[in-house]
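**Q** Once you've had a glance at the structure underneath, I'll fire off some questions.
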Amino acid sequence: MAWMMVVSVRDESQTWDEGIHIGAGYSYWKTGDYRLNREHPPLAKLIASLPLLWLDLHLPVDHASWQTADEVEFGRQLLYKNTVLADTLLFRCRLMMIGLTLLFGACMAFWTRSYFGAPVAVAAVALICFEPTIIAHGRYTNTDLLIAFTSFLAATAWLAWLQRGGWARLLWAGVALGLEMASKFSWPFLLPVFLVIAIIRKISILRLAGGLAAVLVLGSMVV
């Protein structure tokens, strides 16, 4: 899967929103100003643009697009009017997302093995590695892969707390939910999933309400 993503993405030009995410993320690191691309939380953009901090790049805050918060033009200025080739910038950022995709697969493998054994874990990883949607989107600088990954982390952490309890597991569930909150604004879809998991596990109303309140507060603190 890694080979397919790395080899194929090197031959592809920028997708529509990659310049937006890269420009916004790099500006967050350099200025602490979140004016660009407010339609998405910052986590994916911060992760993707991290390798650019070691390059001597010109941040176009003197361009009109910064003053007007024109995220499309700002991303174009950063990528194509800079001291480093756009292909190099794109590839570095895309490698970060590819790394997250591989980490997603590894976490899926270890979690599946802990519940169902090694053969099932291998089958689960095989499904991920040959899944066209993950291969396609896991190599681009956007928010889609990260929300899938953090949703998996949050759901499995929530299940672990429901099954075994403990403050440490509840804390991890809250942290994982916070990471999901910081990944994409569609994160509330996971709350009904939490509820369904609790119903299947036959959790009492009081424990369910307390657990949900705790993970929401912890998640908000993470954000």
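Residues are referred to by chain and number: the chain letter is A, B, ... according to the order shown in the structure tokens, the number counts from 1 in that chain, and ligands are numbered separately from 1 in the order shown.
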Determine, for each residue of segment 153-198 of chain A having at least one atom at most 12 Å from an atom of segment 114-128 of chain A, the closest pair of atoms and their separation in Å to one decimal, counting only C-alpha atoms; order by chain and ascending number, as CSV.
**A**
```
residue,atom,partner,partner_atom,distance
A:Thr156,CA,A:Tyr115,CA,11.0
A:Leu159,CA,A:Tyr115,CA,11.6
A:Ala160,CA,A:Tyr115,CA,10.8
```
**Q** Please, could you write that set of residues out with N, CA and C atoms as a PDB file, in the first residue's frame?
**A**
```
ATOM      1  N   THR A 156     -12.519   2.667  19.628  1.00  0.00           N
ATOM      2  CA  THR A 156     -11.886   1.535  20.312  1.00  0.00           C
ATOM      3  C   THR A 156     -11.516   1.897  21.753  1.00  0.00           C
ATOM      4  N   LEU A 159     -14.731   1.700  23.751  1.00  0.00           N
ATOM      5  CA  LEU A 159     -15.068   0.300  24.002  1.00  0.00           C
ATOM      6  C   LEU A 159     -14.199  -0.269  25.119  1.00  0.00           C
ATOM      7  N   ALA A 160     -12.918   0.056  25.111  1.00  0.00           N
ATOM      8  CA  ALA A 160     -12.014  -0.460  26.154  1.00  0.00           C
ATOM      9  C   ALA A 160     -12.446   0.021  27.527  1.00  0.00           C
TER      10      ALA A 160
END
```
**Q** Pick out each residue of segment 23-223 of chain A that DSSP on the backbone tags as alpha helix (DSSP H); I need them as a PyMOL selection string.
**A** chain A and resi 23-31+43-49+64-67+71-80+86-116+118-129+132-137+144-164+167-181+190-200+205-222
**Q** What is the atom CA of Lys30 of chain A-atom CA of Leu59 of chain A distance in Å, reported with one decimal?
**A**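 So the answer is 8.1 Å.
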**Q** Pick out the residues sitting within 6 Å of segment 61-72 of chain A, and hand them over as a PyMOL selection string; count only C-alpha atoms, and ignore anything fewer than 3 positions along from it in its own chain.
**A** chain A and resi 20+36+75
**Q** How would the residues just picked look written out with N, CA, C and O atoms as a short mmCIF file (atom, residue, chain, number, x, y, z; two decimals), in the first residue's frame?
**A**
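Heads up, here's the output in again.cif:
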```cif
data_model
loop_
_atom_site.label_atom_id
_atom_site.label_comp_id
_atom_site.auth_asym_id
_atom_site.auth_seq_id
_atom_site.Cartn_x
_atom_site.Cartn_y
_atom_site.Cartn_z
N ILE A 20 -4.71 24.73 -0.37
CA ILE A 20 -5.42 25.42 0.71
C ILE A 20 -4.96 24.88 2.06
O ILE A 20 -4.62 25.64 2.97
N LEU A 36 -7.12 31.44 7.90
CA LEU A 36 -7.32 30.70 6.66
C LEU A 36 -8.01 29.36 6.90
O LEU A 36 -7.71 28.66 7.86
N GLY A 75 -2.50 29.77 -0.86
CA GLY A 75 -1.86 28.47 -1.10
C GLY A 75 -1.11 28.45 -2.41
O GLY A 75 -0.02 27.85 -2.51
#
```
**Q** Write out as an mmCIF file with all heavy atoms, in the first residue's frame which residues come within 10 Å of Tyr28 of chain A when counting only C-alpha atoms, dropping same-chain ones fewer than 5 positions away.
**A**
```cif
data_model
loop_
_atom_site.group_PDB
_atom_site.id
_atom_site.type_symbol
_atom_site.label_atom_id
_atom_site.label_comp_id
_atom_site.auth_asym_id
_atom_site.auth_seq_id
_atom_site.Cartn_x
_atom_site.Cartn_y
_atom_site.Cartn_z
ATOM 1 N N ILE A 22 -2.239 23.105 2.820
ATOM 2 C CA ILE A 22 -0.815 23.313 3.072
ATOM 3 C C ILE A 22 -0.542 24.766 3.449
ATOM 4 O O ILE A 22 0.176 25.051 4.415
ATOM 5 C CB ILE A 22 0.009 22.897 1.841
ATOM 6 C CG1 ILE A 22 -0.090 21.383 1.623
ATOM 7 C CG2 ILE A 22 1.471 23.314 2.006
ATOM 8 C CD1 ILE A 22 0.501 20.907 0.314
ATOM 9 N N GLY A 23 -1.116 25.681 2.687
ATOM 10 C CA GLY A 23 -0.915 27.095 2.991
ATOM 11 C C GLY A 23 -1.445 27.471 4.355
ATOM 12 O O GLY A 23 -0.790 28.191 5.122
ATOM 13 N N ASP A 33 -1.922 32.502 13.592
ATOM 14 C CA ASP A 33 -3.157 33.129 13.116
ATOM 15 C C ASP A 33 -3.948 32.092 12.314
ATOM 16 O O ASP A 33 -3.429 31.527 11.359
ATOM 17 C CB ASP A 33 -2.802 34.338 12.234
ATOM 18 C CG ASP A 33 -4.022 35.181 11.886
ATOM 19 O OD1 ASP A 33 -5.091 34.606 11.626
ATOM 20 O OD2 ASP A 33 -3.897 36.416 11.858
ATOM 21 N N TYR A 34 -5.200 31.864 12.702
ATOM 22 C CA TYR A 34 -6.007 30.809 12.090
ATOM 23 C C TYR A 34 -7.065 31.364 11.138
ATOM 24 O O TYR A 34 -8.136 30.793 10.998
ATOM 25 C CB TYR A 34 -6.674 29.971 13.179
ATOM 26 C CG TYR A 34 -5.709 29.099 13.937
ATOM 27 C CD1 TYR A 34 -4.877 29.631 14.911
ATOM 28 C CD2 TYR A 34 -5.602 27.738 13.674
ATOM 29 C CE1 TYR A 34 -3.973 28.839 15.603
ATOM 30 C CE2 TYR A 34 -4.715 26.932 14.356
ATOM 31 C CZ TYR A 34 -3.901 27.493 15.329
ATOM 32 O OH TYR A 34 -3.007 26.698 16.002
ATOM 33 N N ARG A 35 -6.741 32.445 10.463
ATOM 34 C CA ARG A 35 -7.741 33.084 9.610
ATOM 35 C C ARG A 35 -8.068 32.270 8.354
ATOM 36 O O ARG A 35 -9.145 32.406 7.783
ATOM 37 C CB ARG A 35 -7.260 34.474 9.196
ATOM 38 C CG ARG A 35 -6.126 34.494 8.192
ATOM 39 C CD ARG A 35 -5.719 35.904 7.809
ATOM 40 N NE ARG A 35 -5.122 36.606 8.945
ATOM 41 C CZ ARG A 35 -4.768 37.881 8.917
ATOM 42 N NH1 ARG A 35 -4.952 38.591 7.813
ATOM 43 N NH2 ARG A 35 -4.216 38.452 9.977
ATOM 44 N N LEU A 36 -7.119 31.435 7.900
ATOM 45 C CA LEU A 36 -7.316 30.697 6.656
ATOM 46 C C LEU A 36 -8.005 29.356 6.897
ATOM 47 O O LEU A 36 -7.709 28.658 7.864
ATOM 48 C CB LEU A 36 -5.972 30.451 5.965
ATOM 49 C CG LEU A 36 -5.195 31.688 5.517
ATOM 50 C CD1 LEU A 36 -3.871 31.274 4.900
ATOM 51 C CD2 LEU A 36 -6.001 32.525 4.539
ATOM 52 N N PRO A 42 -7.794 22.477 12.668
ATOM 53 C CA PRO A 42 -6.409 22.627 12.186
ATOM 54 C C PRO A 42 -5.533 21.380 12.208
ATOM 55 O O PRO A 42 -4.459 21.396 11.607
ATOM 56 C CB PRO A 42 -5.841 23.669 13.152
ATOM 57 C CG PRO A 42 -6.589 23.430 14.425
ATOM 58 C CD PRO A 42 -7.983 23.045 14.002
ATOM 59 N N LYS A 45 -4.003 19.865 8.949
ATOM 60 C CA LYS A 45 -3.173 20.860 8.258
ATOM 61 C C LYS A 45 -1.847 21.077 8.993
ATOM 62 O O LYS A 45 -0.797 21.252 8.360
ATOM 63 C CB LYS A 45 -3.953 22.172 8.129
ATOM 64 C CG LYS A 45 -5.146 22.071 7.190
ATOM 65 C CD LYS A 45 -6.061 23.276 7.276
ATOM 66 C CE LYS A 45 -6.991 23.193 8.463
ATOM 67 N NZ LYS A 45 -8.010 24.266 8.470
ATOM 68 N N LEU A 46 -1.884 21.051 10.313
ATOM 69 C CA LEU A 46 -0.656 21.196 11.099
ATOM 70 C C LEU A 46 0.268 19.994 10.902
ATOM 71 O O LEU A 46 1.481 20.143 10.756
ATOM 72 C CB LEU A 46 -0.999 21.356 12.575
ATOM 73 C CG LEU A 46 -1.630 22.691 12.987
ATOM 74 C CD1 LEU A 46 -2.173 22.607 14.403
ATOM 75 C CD2 LEU A 46 -0.610 23.821 12.872
ATOM 76 N N SER A 49 1.787 19.973 7.176
ATOM 77 C CA SER A 49 2.752 21.036 6.868
ATOM 78 C C SER A 49 3.979 21.017 7.775
ATOM 79 O O SER A 49 4.888 21.824 7.591
ATOM 80 C CB SER A 49 2.069 22.405 6.962
ATOM 81 O OG SER A 49 1.546 22.625 8.268
#
```
**Q** Report, in Å to a single decimal, how far apart atom CA of Ala44 of chain A and atom CA of Leu102 of chain A are.
**A**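 Separation between atom CA of Leu102 of chain A and atom CA of Ala44 of chain A: 15.3 Å.
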**Q** Applying 12 Å and only C-alpha atoms, which residues near Leu146 of chain A remain after dropping the ones on its own chain fewer than 5 positions away? List them as a ChimeraX atom specification.
**A** /A:40-48,96-104,134,137-141,151-153,176,179-187
**Q** Determine, counting only C-alpha atoms, which protein, DNA and RNA residues have an atom within 10 Å of an atom of Met4 of chain A; residues of the same chain fewer than 3 positions away are not included. Present the result as a list in words.
**A** Met1, Val7, Ser8, Val9, Cys129, Ile135, Ala136 and Arg139 of chain A
**Q** Store the residues picked out above, limited to N, CA and C atoms, as an mmCIF file, in the first residue's frame.
**A**
```
data_model
loop_
_atom_site.group_PDB
_atom_site.id
_atom_site.type_symbol
_atom_site.label_atom_id
_atom_site.label_comp_id
_atom_site.auth_asym_id
_atom_site.auth_seq_id
_atom_site.Cartn_x
_atom_site.Cartn_y
_atom_site.Cartn_z
ATOM 1 N N MET A 1 0.835 -1.202 0.000
ATOM 2 C CA MET A 1 0.000 0.000 0.000
ATOM 3 C C MET A 1 0.868 1.250 0.000
ATOM 4 N N VAL A 7 4.561 5.934 -5.057
ATOM 5 C CA VAL A 7 4.909 5.957 -6.475
ATOM 6 C C VAL A 7 3.865 6.719 -7.286
ATOM 7 N N SER A 8 2.607 6.476 -6.998
ATOM 8 C CA SER A 8 1.555 7.102 -7.804
ATOM 9 C C SER A 8 1.425 8.593 -7.535
ATOM 10 N N VAL A 9 1.586 8.998 -6.277
ATOM 11 C CA VAL A 9 1.338 10.398 -5.939
ATOM 12 C C VAL A 9 2.445 11.314 -6.457
ATOM 13 N N CYS A 129 -5.171 -2.591 3.135
ATOM 14 C CA CYS A 129 -4.114 -2.370 2.146
ATOM 15 C C CYS A 129 -4.631 -2.395 0.709
ATOM 16 N N ILE A 135 -6.387 3.885 -0.299
ATOM 17 C CA ILE A 135 -5.206 4.111 -1.119
ATOM 18 C C ILE A 135 -5.303 5.460 -1.822
ATOM 19 N N ALA A 136 -6.488 5.791 -2.309
ATOM 20 C CA ALA A 136 -6.668 7.037 -3.062
ATOM 21 C C ALA A 136 -6.533 8.266 -2.171
ATOM 22 N N ARG A 139 -3.123 9.397 0.485
ATOM 23 C CA ARG A 139 -1.872 9.987 -0.023
ATOM 24 C C ARG A 139 -2.009 11.469 -0.309
#
```
